[in-house]
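Report on the following structure.
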Amino acid sequence: MVLSAYAWGAIAGGSVIAIGGLKYYFNGGKNKHWPDLAGKTIIITGANVGLGFISAVEMSKLKPEKIIMACRSEQRATDAIAAIQKQVPGAPLEWIPLDLNDLASVKQFA
Ligand SMILES: NC(=O)c1ccc[n+]([C@@H]2O[C@H](COP(=O)([O-])OP(=O)(O)OC[C@H]3O[C@@H](n4cnc5c(N)ncnc54)[C@H](OP(=O)(O)O)[C@@H]3O)[C@@H](O)[C@H]2O)c1
């Protein structure tokens, strides 16, 4: 069977749309929820890595008053702050020590 140029065009177009759709799906789509964080102070525990780090990056873009990085390691916290401020210049990040395994540290943080 010989396909017409029209059929090949439809197959190519369909493939491009399918690949685009799959890419969009596997990238997790787009966040359409952008709350106004103006004037708000946010505390993020474990903000130096993983989910906490990504939360700090994304919330920095929403221009809050301040984001407190509640982390137990000063080095890891300051490295994370530098990395975030590279992506979001002027991000208002501050490290306050917090070790959740240590009640004295939790009291001090509070
Ligand atoms: N990542 C996932 O796909 C996923 C999926 C479902 C649920 N979760 C859960 O979501 C949470 C965060 O995940 P994640 O991937 O972001 O974890 P992660 O990469 O392991 O990060 C954990 C964060 O918590 C901090 N932390 C650990 N113990 C602490 C303590 N005693 N005091 C203060 N900070 C402490 C770590 O600090 P240090 O760097 O100093 O160790 C780090 O910043 C975990 O509970 C995980 O089980 C994750």
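Letters A, B, ... go to the chains of the structure tokens in the order shown; residues in each chain start at 1; ligands are counted from 1 in the same order.
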Among region 8-107 of chain A, which residues does DSSP mark as helix (DSSP H, G or I) when it is run on the backbone? Keep the chain and numbering as in the structure and answer as a PyMOL selection string. chain A and resi 8-26+50-60+74-87+103-107
Could the residues in this selection be saved with N, CA and C atoms as a compact mmCIF listing (two decimals), in the first residue's frame?
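Once written, again06.txt looks like this:
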```
# COMPACT_ATOMS: atom_id res chain seq x y z
N TRP A 8 0.96 10.97 4.77
CA TRP A 8 2.24 11.11 5.48
C TRP A 8 2.26 12.39 6.32
N GLY A 9 1.70 13.46 5.77
CA GLY A 9 1.63 14.73 6.51
C GLY A 9 0.80 14.59 7.78
N ALA A 10 -0.34 13.87 7.64
CA ALA A 10 -1.22 13.67 8.81
C ALA A 10 -0.51 12.83 9.87
N ILE A 11 0.24 11.80 9.42
CA ILE A 11 0.97 10.95 10.38
C ILE A 11 2.05 11.78 11.09
N ALA A 12 2.79 12.57 10.31
CA ALA A 12 3.86 13.39 10.91
C ALA A 12 3.28 14.40 11.89
N GLY A 13 2.19 15.07 11.49
CA GLY A 13 1.55 16.07 12.37
C GLY A 13 1.03 15.43 13.64
N GLY A 14 0.38 14.27 13.47
CA GLY A 14 -0.17 13.56 14.63
C GLY A 14 0.94 13.15 15.59
N SER A 15 2.08 12.70 15.01
CA SER A 15 3.20 12.28 15.86
C SER A 15 3.74 13.46 16.66
N VAL A 16 3.87 14.61 16.00
CA VAL A 16 4.40 15.80 16.70
C VAL A 16 3.46 16.17 17.85
N ILE A 17 2.15 16.15 17.59
CA ILE A 17 1.18 16.50 18.65
C ILE A 17 1.25 15.48 19.79
N ALA A 18 1.36 14.19 19.43
CA ALA A 18 1.41 13.14 20.46
C ALA A 18 2.66 13.29 21.32
N ILE A 19 3.82 13.55 20.66
CA ILE A 19 5.07 13.69 21.42
C ILE A 19 4.98 14.92 22.33
N GLY A 20 4.43 16.02 21.79
CA GLY A 20 4.26 17.25 22.61
C GLY A 20 3.37 16.98 23.82
N GLY A 21 2.29 16.24 23.60
CA GLY A 21 1.36 15.91 24.70
C GLY A 21 2.03 15.06 25.75
N LEU A 22 2.80 14.05 25.31
CA LEU A 22 3.49 13.17 26.26
C LEU A 22 4.54 13.95 27.06
N LYS A 23 5.26 14.85 26.36
CA LYS A 23 6.28 15.66 27.03
C LYS A 23 5.62 16.53 28.11
N TYR A 24 4.50 17.15 27.76
CA TYR A 24 3.77 18.00 28.70
C TYR A 24 3.32 17.17 29.91
N TYR A 25 2.80 15.97 29.62
CA TYR A 25 2.30 15.10 30.69
C TYR A 25 3.43 14.68 31.64
N PHE A 26 4.56 14.23 31.06
CA PHE A 26 5.64 13.72 31.90
C PHE A 26 6.43 14.84 32.59
N GLY A 50 15.65 18.85 48.04
CA GLY A 50 14.41 18.13 47.75
C GLY A 50 13.19 19.03 47.62
N LEU A 51 12.07 18.56 48.18
CA LEU A 51 10.81 19.28 48.05
C LEU A 51 10.88 20.67 48.68
N GLY A 52 11.58 20.76 49.83
CA GLY A 52 11.69 22.05 50.51
C GLY A 52 12.43 23.06 49.65
N PHE A 53 13.49 22.61 48.98
CA PHE A 53 14.29 23.48 48.12
C PHE A 53 13.45 23.98 46.94
N ILE A 54 12.76 23.06 46.29
CA ILE A 54 11.93 23.45 45.13
C ILE A 54 10.82 24.40 45.58
N SER A 55 10.26 24.14 46.77
CA SER A 55 9.22 25.05 47.30
C SER A 55 9.81 26.45 47.49
N ALA A 56 11.04 26.50 48.02
CA ALA A 56 11.67 27.81 48.26
C ALA A 56 11.92 28.54 46.93
N VAL A 57 12.35 27.79 45.92
CA VAL A 57 12.58 28.41 44.60
C VAL A 57 11.28 28.98 44.05
N GLU A 58 10.24 28.15 44.04
CA GLU A 58 8.98 28.56 43.42
C GLU A 58 8.31 29.69 44.20
N MET A 59 8.36 29.62 45.54
CA MET A 59 7.74 30.68 46.34
C MET A 59 8.53 31.99 46.24
N SER A 60 9.85 31.88 46.04
CA SER A 60 10.66 33.10 45.87
C SER A 60 10.16 33.91 44.68
N GLU A 74 24.10 25.06 58.71
CA GLU A 74 24.34 26.41 58.18
C GLU A 74 24.94 26.35 56.77
N GLN A 75 25.90 25.43 56.60
CA GLN A 75 26.57 25.34 55.29
C GLN A 75 25.57 24.97 54.20
N ARG A 76 24.74 23.93 54.47
CA ARG A 76 23.79 23.49 53.44
C ARG A 76 22.75 24.58 53.19
N ALA A 77 22.35 25.30 54.26
CA ALA A 77 21.35 26.36 54.10
C ALA A 77 21.91 27.51 53.27
N THR A 78 23.14 27.94 53.58
CA THR A 78 23.71 29.08 52.85
C THR A 78 24.02 28.69 51.40
N ASP A 79 24.43 27.44 51.18
CA ASP A 79 24.63 26.98 49.79
C ASP A 79 23.30 27.02 49.03
N ALA A 80 22.23 26.58 49.70
CA ALA A 80 20.91 26.57 49.05
C ALA A 80 20.44 28.00 48.77
N ILE A 81 20.68 28.90 49.72
CA ILE A 81 20.28 30.31 49.52
C ILE A 81 21.01 30.88 48.30
N ALA A 82 22.31 30.59 48.20
CA ALA A 82 23.09 31.10 47.05
C ALA A 82 22.54 30.52 45.74
N ALA A 83 22.21 29.22 45.76
CA ALA A 83 21.70 28.58 44.53
C ALA A 83 20.35 29.17 44.13
N ILE A 84 19.49 29.44 45.13
CA ILE A 84 18.16 30.00 44.81
C ILE A 84 18.30 31.43 44.30
N GLN A 85 19.19 32.21 44.96
CA GLN A 85 19.33 33.61 44.54
C GLN A 85 19.99 33.73 43.16
N LYS A 86 20.66 32.68 42.72
CA LYS A 86 21.18 32.66 41.35
C LYS A 86 20.02 32.56 40.37
N GLN A 87 19.02 31.73 40.75
CA GLN A 87 17.85 31.55 39.88
C GLN A 87 16.86 32.69 40.01
N LEU A 103 14.63 19.31 70.88
CA LEU A 103 13.57 20.21 71.37
C LEU A 103 14.09 21.59 71.74
N ALA A 104 15.34 21.65 72.24
CA ALA A 104 15.92 22.95 72.57
C ALA A 104 16.03 23.80 71.31
N SER A 105 16.41 23.17 70.20
CA SER A 105 16.53 23.89 68.93
C SER A 105 15.14 24.35 68.45
N VAL A 106 14.14 23.51 68.65
CA VAL A 106 12.77 23.88 68.24
C VAL A 106 12.29 25.09 69.06
N LYS A 107 12.56 25.07 70.38
CA LYS A 107 12.18 26.19 71.26
C LYS A 107 12.89 27.46 70.82
```
Sorted per-residue table, chain A near ligand 1, closest atoms and distance, 8 Å, only C-alpha atoms and all ligand atoms, as CSV:
```
residue,atom,partner,partner_atom_place_in_ligand_line,distance
A:Thr45,CA,ligand 1,34 (N),6.1
A:Gly46,CA,ligand 1,43 (O),3.2
A:Ala47,CA,ligand 1,43 (O),5.2
A:Asn48,CA,ligand 1,43 (O),4.7
A:Val49,CA,ligand 1,43 (O),4.7
A:Gly50,CA,ligand 1,16 (O),3.3
A:Leu51,CA,ligand 1,16 (O),3.6
A:Gly52,CA,ligand 1,16 (O),5.4
A:Phe53,CA,ligand 1,16 (O),7.3
A:Ala70,CA,ligand 1,33 (C),7.1
A:Cys71,CA,ligand 1,34 (N),5.2
A:Arg72,CA,ligand 1,33 (C),5.0
A:Ser73,CA,ligand 1,40 (O),5.3
A:Arg76,CA,ligand 1,39 (O),6.5
A:Leu98,CA,ligand 1,33 (C),5.5
A:Asp99,CA,ligand 1,32 (N),3.6
A:Leu100,CA,ligand 1,32 (N),3.8
A:Asn101,CA,ligand 1,31 (N),4.4
A:Asp102,CA,ligand 1,31 (N),7.3
```
Could you pull the residues within 6 Å of Met69 (chain A), counting only C-alpha atoms, minus those fewer than 3 positions along the same chain, as a ChimeraX atom specification? /A:44,47,94-95
Using Å and a single decimal, report how far CA of Ala110 (chain A) sits from CA of Pro35 (chain A). 25.8 Å
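These are the residues of region 14-58 of chain A assigned strand (DSSP E) by DSSP from backbone coordinates: A:Thr41, A:Ile42, A:Ile43, A:Ile44, A:Thr45.
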Take the residues just selected and output them with N, CA and C atoms as an mmCIF file, in the first residue's frame.
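As written to disk, out19.cif reads:
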```
data_model
loop_
_atom_site.group_PDB
_atom_site.id
_atom_site.type_symbol
_atom_site.label_atom_id
_atom_site.label_comp_id
_atom_site.auth_asym_id
_atom_site.auth_seq_id
_atom_site.Cartn_x
_atom_site.Cartn_y
_atom_site.Cartn_z
ATOM 1 N N THR A 41 5.213 36.087 55.312
ATOM 2 C CA THR A 41 6.454 35.430 55.721
ATOM 3 C C THR A 41 6.202 33.925 55.700
ATOM 4 N N ILE A 42 7.103 33.207 55.053
ATOM 5 C CA ILE A 42 6.919 31.755 54.883
ATOM 6 C C ILE A 42 8.054 31.022 55.579
ATOM 7 N N ILE A 43 7.697 29.974 56.300
ATOM 8 C CA ILE A 43 8.723 29.124 56.924
ATOM 9 C C ILE A 43 8.734 27.798 56.168
ATOM 10 N N ILE A 44 9.924 27.391 55.703
ATOM 11 C CA ILE A 44 10.038 26.099 55.017
ATOM 12 C C ILE A 44 11.066 25.251 55.761
ATOM 13 N N THR A 45 10.607 24.131 56.288
ATOM 14 C CA THR A 45 11.545 23.212 56.935
ATOM 15 C C THR A 45 12.207 22.358 55.844
#
```
Between CA of Lys66 (chain A) and CA of Phe109 (chain A), what is the distance, to one decimal in Å? 15.7 Å
